[in-house]
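Just below is one structure, and these are the notes that go with it.
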Amino acid sequence: MPDKPISDNDPVVSKSLAPHYVVAMLVLMATLFWALWDEDFGQRPWKAFQHEWKDRYTVFLKGAHSQSSDSEKGVEGSSEYQSLKQTFDQANQNAAPRFREINEKLRDLGAKILALQNVFTDRRAYVNALTYEIETDTSASSKQSKQKDLDKYKQEIAAVELPDGSKQNYNYPRLEEAYNQLKDERTKLSAELGEIIKPVNAQKAKLDAYVSERMVNLTPSQLAGLQDKTEAWSPKILQINVPDANIVDRCESCHMGTREPVKLTAAAMSVKGKKPDAYARAFTSHPEPDLLTIHDVEKFGCSPCHQGNGRATTSVEKAHGTYEHWLWPLFPRGNAEAGCQTCHAADMVVVANDVGWTISEGKDLFRQRGCVGCHRYEGYDKEPEDLLSVAQQIKQIEQEKKDNLKQSAYLMKQADTAESNEEANRLNDRAVALKVTNSKLDLRVVQLDRTTKSLLQDMKKVGPNLKEIRLKLNKNWIPVWLKKPSDFRATTKMPNFRLNDDQVKAISAYLWQSALADSLPKRKPGSAAHGKELFETRGCLACHSLGEGDRTQGGTFAANLTRVGEKDNYDYLVRWVHNARERTRPYCLLEKKDIGPEDYAKKGLPYVFDLDHTRCPNDGHELQVQNMTVMPSLRLSPEDAQDVASYLLTLKKQEPSVYADAPFMDDPNLKEEGKKWVRHFGCAGCHEISGLEDEGRIGTELTFEGSKPIERLDFALLTEVAQRGGREPIADADDLSRLPEGPAKSPWYDGKGFFEHKLAEPNIWDQGKIKPETEKLRMPNLHLTKEQIRALVTFLMGSQESPLPASYQYRPLDYRRDIQEGWWVVRKYNCMGCHQLIPGQKTSLMAMTRYQGADGQEQLPPKLLTEGARVDPQWMLNFLTDPSLSDVGRFAAAGGKDTNRNGVRPYLQVHMPTFSLSENELGKLVRFFQALSRQPFPYIPEQVPALTAKETDMARSLFSSPAAPCLKCHATGDPAHDRTATAPNFLQAKGRLKADWVERWIIDPQAISPGTSMPSGLFKRQNDRWVFSGPTPPSFREYDRDQTKLLVDYILQLTPEEQRRVGASTGHARALGGIAGSGFSTVSDAAGHPPR
Amino acid sequence: MKTKTRVTIWGLSAFLGLVLLAGCGKKEATEEQPATTAPAAAPAATPIDPATAATVSGSVKFDGAAPKPAKIDMSQDSNCQGSNTAENVIVSDGHLANVFVYVKEGLGTRAFDVPKDAVTLSQSGCKYHPHVIGVMAGQTIKIVNGDPTTHNIHPTPKDNREWNESQAPQAAPLEKTFAREELMLPVKCNQHPWMRMFVNVVKSPFYAVTGPDGKFEIKGLPPGDYTIAFVHEKLGEQTQKVTLAAKDSKTVDATFKPGT
């Protein structure tokens, strides 16, 4: 091959690949670095959190440490601490000389013992060895000789060099004796040392306790511990793993402050001088540490309450589950309490100290606003379902009875022809057993019948009974109301159905024509002025309200009555005010008709139906004898009821006659059309309506609404709008103002966005759709406020089918179950409108102008903070059955004579109404109050010890002491005195109050019912017992029991005579004028002759 | 990944990187964060120069017919003796007593020492004396019972803690404080319902209560612009602005009308 000159443009010569290699290498290097970075940081954003946490928390702890030192110094500067310190120093000083002395002696002893021990243990070992040899030797002679050796060895003298240098000689027995003596001495001295140091240690413990009790936050040493821990921290994944519940939550890998023992706020965790950033917000401690105490984090983790993807660690979005592939995104801040519903679905009130919880508000609204009328929700409004199940049970039992009867007949027949007597007896026994079983079943049916009665009584409707509208309403007002109820009454529960005029006409016509045509007795007009006073003072305003806008007074539980005079008929209103439960005609569920006098007449029965006469004359079945309203009877006399009704009719903005005539309501042609629409809109869900008593719910079930995947929530034509965000589809200004988060700015294609928009404007998904009238969305506008929608949405979001095991559901079987069940009843009847059941909870009455100020507060109904511990449950049962405490029968309100008595506190103008509770609900309430106070059930009352004559005298001297003028405030039953009384009559204590509670009460009433008129400080603690604060007679000198007990026993045995005598002697019962001031002399000689 | 492996890989790559990109490395300066979360100590009292201190005084009038004091029925307790007229609106010669006058605005964030001396509230003749008092938040109120009957002292505050304690005749005085500012905080005795007085808890020592002659005087104010408020238990609150120069002595009067 000839050599060819290399051409100049040969790429091998002229071109270099170096740049390519460099570029490739750089790219590869960059990739490598990126891969490494991604591995260590990119995929591990939590590391950055942890580094940041370490820095910021260290800074925080430094600050906290110096603060804590300061406050520790502050505590140590107090005079109490100083005096404790002095006592401690004194004790220390007292103990010191002897302490030193003993310690010295112990030291010397120790050295001596050691010196002896060295020699003694050697010699003892030798002695033991020899003894063993003697024991094991077989020949007697050798044993003897060895014994001699041993004795000789024992007598040998050994020299011991003592610590002070001297030498002492001991033979073995003396050495042993000396050694043991020294050891005994040491034991004795050690014991003495312990005794001496004991008071010093006790004082030291007191001193430490004083500091730690007064330090609000951690002590400096505790903080130093935290500082060390933080310093030594190296980044790692933190996770809570609960295999049983399939919980793996790594949330704390970023949220490191959640469980720290100090309160961390976003501001405290910010970089100095900067606004709180994402890190600062992530590092805050849990806002409700109490909740974490109740729900052990190691068992519950985070995601069961908060949702989100607990396993994810690669980004904030993934961890919070706010991406499209995760079905359970983190509950947003405003709806965080939705998580409670996951396990607390069976609760009406979620937490024991529930004040202002959004979720509880949502649960309550769901019932109060009648959502249950259209939407089934497990646990709500379950009486109809329970009724069915009871009927089913009765049927089964009847069948069982029949079978048993047949079987026992068969057995007896067999017995008659049995081969042996034994066999016959065996068969007969079985037959007898079956008969007894049938008796039990019979009694079970009786119980079930009573349950049926209870359930019928418990069944309530959200809206009024529309069968009675012909008696009740201004006819011409009805169509105006139906058109838009919130125009007439802004706060009404009745929602706006967006009815067109034809629908309004048809519905009015049906309701009017299907209503009962009975007539009511004519009532005389009453005094509106007196009615006004009654209305404002009896407690009506605990549920009802008056006035509009800012001037509204009263509760939100029932209707605002500002315009009631425009719509109601007087005669009906009188009946309603007197007893709202009174029905025009009873309804028979079996025959599905309203029973009238004609039905009763057929059987020759009087036309009487009430809670004592509930059987249908035709078939003997239970009737609905009450109006299905929760409104109780206020035990007004018929005259007072007339006065109140007269007053209510003065409440109007315009005359009832102004409403335009509505002749179409009598048009029979509209009736069928009307029925169609009434059924279409599900009116019977909330109202009793003729012909539609058995209508089912028209809405979708919502028990697990929060679990619905987003695809199953129909955003209709707005899907894209919601996904993209930006444009807010709600145009109506009123509806727009209902959105809890305001008009949409960011995408809202999620459960929250759906529910909020739906509740703000329920027909929103009809936008742009072309639909016939019957297919349009039926859900009415409930004209809710922002806060109400937030509460309801929180409730709905939490309404999920929980993936957690059943044991996580809060369904307790002990006393807590009684509490759980009780809240449903308490909320149902709005007990909290008048009574405070939880400290800090506001009642409707408390907010009213009338009850402001010291005198107003005295007129408030009693607080029930410790009711179960206060009263005997049997008494409570009687009281709840008939709060008037009149003895004229169970339902005094319905016709008893003594209807005006006002139970325990006649001095209050507010009266506890008669709720006519069913046996079922009475039981629940009594158990509820007992359980709230953790009282045993059934209650076995303690025997009140009978007082001796001397003790009675002593107790009387306390009871009538000028330093505790009991009868000044407590009622005595004497009208002149009771005019100024502000506390219950002592005669009611017996059988009502529990002795232990009374004792606690007289010691510190403010701690039981804050703000009560009863003052504290009547008794003081002296020598470990309670003694009277005021002067006591000499007879008390030898008395060494609690003086409070004496007084309690006396009060619980008080007789009317005794009370009268004491009242007279102390001059507090003025009306007893004649004998007032005659002093104690009357006590002895008037025994048995009450001075009146 | 084990820590060791990770350290090795990083070390190796760092070495490579150093060879290749020597000089391109940039050392990040880490800034030590100073521990500056100093404890928020209570602001110390700012001393007022007595040489510049000014005074506000004046009188409060009642424009209208003096209401006839209502009679109280004290017959329920024979130990209650003494004047039995209510103390709601006390007017003599058109002067209104028991008006609480205080500097409502203008002191800024200035803090003041709480006086060590207690304010005494005595109960005698089943009445409180005085009927209206002013105290600084945290200042001790010493309550004395000079009556031969038992009283109970029951304040019903809005923003402070409520309490209710019994005080027997000759019992030791009660010493109490209120921690938060509150005007016309009612105090009552449940056993003698007519007994009523008002405590005014304020944050500064610049307050006074008008006497029977309707006069008041507030001394020792530093120069500045102030809002002076007049508060009456029944007639409500009025305010007036006043500007005080050093050593000024100004008069501010107020007039209440019935039912305002």
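Identifiers for the structure tokens are assigned positionally: chains receive A, B, ... in sequence, residues are indexed from 1 per chain, and ligands are indexed from 1 in the order shown.
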
Contact residues around Ser1016 of chain A with only C-alpha atoms at 9 Å, ignoring same-chain residues under 2 positions, as a compact mmCIF listing (two decimals) with C-alpha atoms, in the first residue's frame:
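The resulting file, result_28.txt, is shown below:
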```txt
# COMPACT_ATOMS: atom_id res chain seq x y z
CA TRP A 1001 -72.68 22.35 97.98
CA ILE A 1002 -72.72 24.12 101.31
CA ILE A 1003 -68.93 24.06 101.41
CA ASP A 1004 -68.40 25.67 98.02
CA PRO A 1005 -71.51 26.32 95.93
CA GLN A 1006 -69.57 28.51 93.49
CA ALA A 1007 -67.58 25.48 92.43
CA MET A 1014 -75.54 30.97 97.50
CA LEU A 1018 -69.77 29.41 105.22
CA PHE A 1019 -67.49 26.63 106.41
CA ASN B 152 -72.49 38.08 101.07
CA TRP B 163 -67.27 34.92 92.98
CA ASN B 164 -69.67 35.04 95.92
CA GLU B 165 -68.54 34.86 99.49
CA SER B 166 -70.27 35.07 102.79
```

Contact table segment 235-256 of chain B vs segment 180-185 of chain B, cut-off 12 Å, shortest pair per residue, only C-alpha atoms, as CSV:
```
residue,atom,partner,partner_atom,distance
B:Leu235,CA,B:Met184,CA,11.4
B:Gly236,CA,B:Met184,CA,9.7
B:Glu237,CA,B:Leu183,CA,10.0
```

Check which residues of chain A sit at most 7 Å from chain B using only C-alpha atoms, and return one row each with the closest pair of atoms and their distance in Å to one decimal, ordered by chain and rising number, as a Markdown table.
```
| residue | atom | partner | partner_atom | distance |
| --- | --- | --- | --- | --- |
| A:Val59 | CA | B:Ala35 | CA | 5.5 |
| A:Phe60 | CA | B:Thr37 | CA | 7.0 |
| A:Lys62 | CA | B:Ala35 | CA | 6.5 |
| A:Gly63 | CA | B:Thr37 | CA | 4.9 |
| A:Gln67 | CA | B:Pro39 | CA | 5.5 |
| A:Ala854 | CA | B:Thr156 | CA | 6.0 |
| A:Pro962 | CA | B:Thr149 | CA | 6.3 |
| A:Ala963 | CA | B:Ala168 | CA | 4.7 |
| A:Ala964 | CA | B:Thr150 | CA | 6.9 |
| A:Lys968 | CA | B:Gln191 | CA | 6.4 |
| A:Cys969 | CA | B:Gln191 | CA | 6.2 |
| A:Gln1006 | CA | B:Trp163 | CA | 6.8 |
| A:Gly1011 | CA | B:Glu162 | CA | 6.2 |
| A:Ser1013 | CA | B:Asn190 | CA | 5.9 |
| A:Pro1015 | CA | B:Glu165 | CA | 4.6 |
| A:Ser1016 | CA | B:Glu165 | CA | 4.6 |
| A:Gly1017 | CA | B:Ser166 | CA | 5.5 |
| A:Leu1018 | CA | B:Ser166 | CA | 6.2 |
| A:Gly1030 | CA | B:Ala168 | CA | 6.2 |
| A:His1068 | CA | B:Gln76 | CA | 6.5 |
```

Residues as selected, C-alpha atoms, written as a PDB file, in the first residue's frame, can you do that?
```pdb
ATOM      1  CA  VAL A  59     -33.695  28.847  68.778  1.00  0.00           C
ATOM      2  CA  PHE A  60     -37.151  28.535  70.289  1.00  0.00           C
ATOM      3  CA  LYS A  62     -33.168  28.753  73.977  1.00  0.00           C
ATOM      4  CA  GLY A  63     -35.705  31.536  74.347  1.00  0.00           C
ATOM      5  CA  GLN A  67     -38.090  32.540  80.090  1.00  0.00           C
ATOM      6  CA  ALA A 854     -77.190  40.598  88.770  1.00  0.00           C
ATOM      7  CA  PRO A 962     -76.978  34.925 112.100  1.00  0.00           C
ATOM      8  CA  ALA A 963     -73.736  34.045 110.321  1.00  0.00           C
ATOM      9  CA  ALA A 964     -75.580  31.664 107.962  1.00  0.00           C
ATOM     10  CA  LYS A 968     -83.375  34.583 104.559  1.00  0.00           C
ATOM     11  CA  CYS A 969     -83.103  33.398 100.959  1.00  0.00           C
ATOM     12  CA  GLN A1006     -69.574  28.509  93.492  1.00  0.00           C
ATOM     13  CA  GLY A1011     -72.557  32.551  89.818  1.00  0.00           C
ATOM     14  CA  SER A1013     -76.690  33.359  94.802  1.00  0.00           C
ATOM     15  CA  PRO A1015     -72.279  32.306  98.919  1.00  0.00           C
ATOM     16  CA  SER A1016     -69.130  30.330  99.578  1.00  0.00           C
ATOM     17  CA  GLY A1017     -67.110  30.585 102.745  1.00  0.00           C
ATOM     18  CA  LEU A1018     -69.766  29.412 105.219  1.00  0.00           C
ATOM     19  CA  GLY A1030     -69.303  31.965 112.265  1.00  0.00           C
ATOM     20  CA  HIS A1068     -87.029  35.777 108.779  1.00  0.00           C
TER      21      HIS A1068
END
```

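Taking only C-alpha atoms, the non-local environment of Arg367 of chain A within 10 Å (same-chain residues fewer than 3 positions away omitted) comprises Met348, Gly362, Lys363, Asp364, Gly370, Cys371, Val372, Gly373, Tyr377, Tyr380, Asp381, Val462, Arg827 and Lys828 of chain A.
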
Q: Considering only C-alpha atoms, return as a ChimeraX atom specification whatever protein or nucleic-acid residues lie within 8 Å of segment 202-206 of chain A, sequence-local ones (same chain, fewer than 2 positions apart) excluded.
A: /A:84,87-88,91,198-200,208-210

(Q) Report as a ChimeraX atom specification all protein, DNA and RNA residues lying within 8 Å of Ile133 of chain B, evaluated on only C-alpha atoms, omitting residues in the same chain fewer than 2 positions from it. (A) /B:100,130-131,135,198-200,209

Those same residues - N, CA and C atoms - I'd like them written as a JSON list (two decimals), in the first residue's frame.
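What ended up in result.json:
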```
[["chain", "number", "residue", "atom", "x", "y", "z"],
["B", 100, "PHE", "N", -68.23, 58.03, 87.83],
["B", 100, "PHE", "CA", -66.83, 57.62, 87.75],
["B", 100, "PHE", "C", -66.20, 58.36, 86.58],
["B", 130, "PRO", "N", -67.98, 53.16, 99.91],
["B", 130, "PRO", "CA", -68.80, 54.02, 99.06],
["B", 130, "PRO", "C", -69.62, 53.21, 98.05],
["B", 131, "HIS", "N", -70.52, 53.93, 97.39],
["B", 131, "HIS", "CA", -71.41, 53.27, 96.44],
["B", 131, "HIS", "C", -70.71, 52.99, 95.11],
["B", 135, "VAL", "N", -60.64, 51.29, 91.18],
["B", 135, "VAL", "CA", -59.38, 50.66, 91.57],
["B", 135, "VAL", "C", -58.59, 50.41, 90.30],
["B", 198, "PHE", "N", -70.81, 49.57, 92.78],
["B", 198, "PHE", "CA", -70.13, 49.35, 91.51],
["B", 198, "PHE", "C", -68.63, 49.56, 91.65],
["B", 199, "VAL", "N", -67.90, 48.64, 91.11],
["B", 199, "VAL", "CA", -66.45, 48.76, 91.10],
["B", 199, "VAL", "C", -66.02, 49.11, 89.68],
["B", 200, "ASN", "N", -65.11, 50.05, 89.57],
["B", 200, "ASN", "CA", -64.55, 50.38, 88.26],
["B", 200, "ASN", "C", -63.08, 50.00, 88.26],
["B", 209, "VAL", "N", -64.11, 59.78, 91.58],
["B", 209, "VAL", "CA", -65.56, 59.59, 91.67],
["B", 209, "VAL", "C", -66.14, 60.89, 92.18]]
```

(Q) For the helix (DSSP H, G or I) assignment from backbone DSSP, which residues of segment 623-735 of chain A qualify? Please present them as an NGL selection string. (A) :A and (638-649 or 656-658 or 663-666 or 669-680 or 683-685 or 705-707 or 710-712 or 716-724 or 733-735)

Go ahead and write the residues just picked, N, CA and C atoms, as a short mmCIF file (atom, residue, chain, number, x, y, z; two decimals), in the first residue's frame.
```
data_model
loop_
_atom_site.label_atom_id
_atom_site.label_comp_id
_atom_site.auth_asym_id
_atom_site.auth_seq_id
_atom_site.Cartn_x
_atom_site.Cartn_y
_atom_site.Cartn_z
N PRO A 638 -106.41 28.04 81.26
CA PRO A 638 -107.07 28.42 79.99
C PRO A 638 -107.13 29.94 79.84
N GLU A 639 -107.32 30.65 80.94
CA GLU A 639 -107.39 32.12 80.86
C GLU A 639 -106.04 32.70 80.45
N ASP A 640 -104.98 32.18 81.08
CA ASP A 640 -103.65 32.66 80.71
C ASP A 640 -103.34 32.35 79.25
N ALA A 641 -103.76 31.17 78.80
CA ALA A 641 -103.54 30.80 77.40
C ALA A 641 -104.24 31.79 76.49
N GLN A 642 -105.44 32.21 76.89
CA GLN A 642 -106.16 33.22 76.10
C GLN A 642 -105.40 34.53 76.08
N ASP A 643 -104.84 34.89 77.23
CA ASP A 643 -104.07 36.14 77.29
C ASP A 643 -102.86 36.08 76.35
N VAL A 644 -102.13 34.97 76.41
CA VAL A 644 -100.94 34.84 75.57
C VAL A 644 -101.33 34.87 74.10
N ALA A 645 -102.39 34.13 73.76
CA ALA A 645 -102.82 34.10 72.36
C ALA A 645 -103.26 35.49 71.92
N SER A 646 -103.94 36.21 72.78
CA SER A 646 -104.36 37.57 72.43
C SER A 646 -103.16 38.45 72.17
N TYR A 647 -102.15 38.27 72.99
CA TYR A 647 -100.92 39.05 72.78
C TYR A 647 -100.27 38.68 71.45
N LEU A 648 -100.16 37.36 71.20
CA LEU A 648 -99.49 36.92 69.98
C LEU A 648 -100.17 37.48 68.74
N LEU A 649 -101.51 37.60 68.81
CA LEU A 649 -102.21 38.11 67.63
C LEU A 649 -101.96 39.60 67.40
N PRO A 656 -104.31 40.88 58.87
CA PRO A 656 -104.53 39.63 58.14
C PRO A 656 -105.44 39.84 56.92
N SER A 657 -106.31 40.85 57.02
CA SER A 657 -107.27 41.06 55.92
C SER A 657 -106.61 41.60 54.66
N VAL A 658 -105.36 42.04 54.78
CA VAL A 658 -104.68 42.61 53.62
C VAL A 658 -104.38 41.53 52.57
N PRO A 663 -109.59 32.40 46.10
CA PRO A 663 -110.74 31.50 45.89
C PRO A 663 -110.32 30.16 45.28
N PHE A 664 -109.19 30.16 44.57
CA PHE A 664 -108.75 28.91 43.89
C PHE A 664 -108.54 27.77 44.88
N MET A 665 -108.38 28.12 46.16
CA MET A 665 -108.10 27.06 47.13
C MET A 665 -109.30 26.14 47.33
N ASP A 666 -110.48 26.61 46.93
CA ASP A 666 -111.65 25.76 47.05
C ASP A 666 -111.98 25.07 45.73
N ASN A 669 -110.98 21.11 41.21
CA ASN A 669 -110.20 20.64 40.06
C ASN A 669 -108.70 20.68 40.32
N LEU A 670 -108.32 21.53 41.26
CA LEU A 670 -106.89 21.68 41.52
C LEU A 670 -106.35 20.62 42.48
N LYS A 671 -107.30 19.92 43.14
CA LYS A 671 -106.88 19.07 44.25
C LYS A 671 -105.90 17.97 43.82
N GLU A 672 -106.24 17.26 42.75
CA GLU A 672 -105.38 16.15 42.32
C GLU A 672 -104.01 16.65 41.87
N GLU A 673 -104.05 17.76 41.11
CA GLU A 673 -102.81 18.40 40.67
C GLU A 673 -101.95 18.77 41.87
N GLY A 674 -102.62 19.32 42.88
CA GLY A 674 -101.92 19.73 44.11
C GLY A 674 -101.29 18.54 44.80
N LYS A 675 -102.04 17.45 44.90
CA LYS A 675 -101.51 16.27 45.58
C LYS A 675 -100.24 15.79 44.88
N LYS A 676 -100.28 15.86 43.55
CA LYS A 676 -99.12 15.43 42.77
C LYS A 676 -97.87 16.22 43.18
N TRP A 677 -98.07 17.55 43.27
CA TRP A 677 -96.91 18.40 43.61
C TRP A 677 -96.48 18.23 45.07
N VAL A 678 -97.47 18.05 45.96
CA VAL A 678 -97.14 17.85 47.37
C VAL A 678 -96.27 16.61 47.52
N ARG A 679 -96.66 15.59 46.74
CA ARG A 679 -95.88 14.36 46.79
C ARG A 679 -94.52 14.55 46.13
N HIS A 680 -94.53 15.26 45.00
CA HIS A 680 -93.31 15.51 44.25
C HIS A 680 -92.25 16.20 45.10
N CYS A 683 -93.39 17.05 50.73
CA CYS A 683 -93.86 17.87 51.86
C CYS A 683 -94.11 17.02 53.10
N ALA A 684 -94.54 15.76 52.86
CA ALA A 684 -94.91 14.91 53.98
C ALA A 684 -93.70 14.45 54.79
N GLY A 685 -92.51 14.77 54.33
CA GLY A 685 -91.33 14.45 55.12
C GLY A 685 -91.29 15.24 56.41
N GLU A 705 -72.50 9.90 52.44
CA GLU A 705 -72.38 10.84 51.33
C GLU A 705 -70.93 11.30 51.12
N GLY A 706 -70.20 11.43 52.23
CA GLY A 706 -68.82 11.92 52.12
C GLY A 706 -67.89 10.93 51.44
N SER A 707 -68.33 9.66 51.33
CA SER A 707 -67.47 8.65 50.69
C SER A 707 -67.63 8.62 49.19
N ILE A 710 -65.74 11.56 43.49
CA ILE A 710 -66.14 12.82 42.86
C ILE A 710 -66.96 12.59 41.59
N GLU A 711 -66.68 11.48 40.88
CA GLU A 711 -67.41 11.22 39.63
C GLU A 711 -68.90 11.01 39.88
N ARG A 712 -69.22 10.59 41.10
CA ARG A 712 -70.64 10.33 41.37
C ARG A 712 -71.38 11.55 41.89
N ALA A 716 -73.05 18.43 36.65
CA ALA A 716 -73.77 18.73 35.41
C ALA A 716 -72.90 19.57 34.46
N LEU A 717 -73.46 20.68 33.95
CA LEU A 717 -72.71 21.46 32.96
C LEU A 717 -71.59 22.28 33.59
N LEU A 718 -71.53 22.25 34.93
CA LEU A 718 -70.53 23.09 35.59
C LEU A 718 -69.24 22.34 35.91
N THR A 719 -69.15 21.08 35.45
CA THR A 719 -67.98 20.27 35.77
C THR A 719 -66.69 20.99 35.41
N GLU A 720 -66.68 21.52 34.18
CA GLU A 720 -65.44 22.14 33.72
C GLU A 720 -65.15 23.43 34.48
N VAL A 721 -66.24 24.17 34.73
CA VAL A 721 -66.08 25.42 35.48
C VAL A 721 -65.45 25.13 36.84
N ALA A 722 -65.95 24.06 37.47
CA ALA A 722 -65.45 23.72 38.80
C ALA A 722 -64.00 23.27 38.74
N GLN A 723 -63.70 22.50 37.69
CA GLN A 723 -62.33 21.99 37.58
C GLN A 723 -61.33 23.11 37.34
N ARG A 724 -61.79 24.08 36.55
CA ARG A 724 -60.87 25.14 36.18
C ARG A 724 -60.85 26.25 37.23
N ALA A 733 -77.24 37.31 44.60
CA ALA A 733 -76.42 37.91 45.66
C ALA A 733 -76.65 37.21 47.01
N ASP A 734 -77.91 36.89 47.32
CA ASP A 734 -78.21 36.23 48.60
C ASP A 734 -77.50 34.89 48.68
N ASP A 735 -77.63 34.12 47.58
CA ASP A 735 -77.03 32.79 47.58
C ASP A 735 -75.51 32.87 47.64
#
```

Q: Take atom CA of Lys592 of chain A and atom CA of Glu921 of chain A and report the distance between them in Å, one decimal.
A: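 Taking atom CA of Lys592 of chain A and atom CA of Glu921 of chain A, their separation equals 26.0 Å.
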
Q) Please, what distance in Å, to one decimal, runs between atom CA of Leu534 of chain A and atom CA of Leu636 of chain A? A)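 For atom CA of Leu534 of chain A relative to atom CA of Leu636 of chain A, the distance reads 9.3 Å.
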
Q: Determine the nearest neighbour of Arg259 of chain A from the options A:His286, A:Lys274, A:Arg563, A:Lys402, counting only C-alpha atoms.
A: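 The shortest atom-to-atom distance to Arg259 of chain A comes from A:His286.
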
Q: Name all residues at most 12 Å from Asn878 of chain A (count only C-alpha atoms; drop same-chain ones fewer than 5 positions away) and give them as a ChimeraX atom specification.
A: /A:871-873,883-887,889-891,903,914,916-917,919,922-923,925-926,991-992

Q: Can you check which residues of segment 168-326 of chain A DSSP gives as strand (DSSP E) on the backbone and send them as JSON, numbers by chain?
A: {"A": [168, 169, 170, 240, 241, 242, 247, 248, 249]}

**Q.** Within 10 Å of Leu292 of chain A using only C-alpha atoms, minus same-chain residues under 5 positions, as a ChimeraX atom specification
**A.** /A:258-259,286-287,297-298,300-302

Q: Enter the distance from atom CA of Pro521 of chain A to atom CA of Leu541 of chain A, in Å, rounded to one decimal.
A: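 Straight-line distance from atom CA of Pro521 of chain A to atom CA of Leu541 of chain A works out to 27.7 Å.
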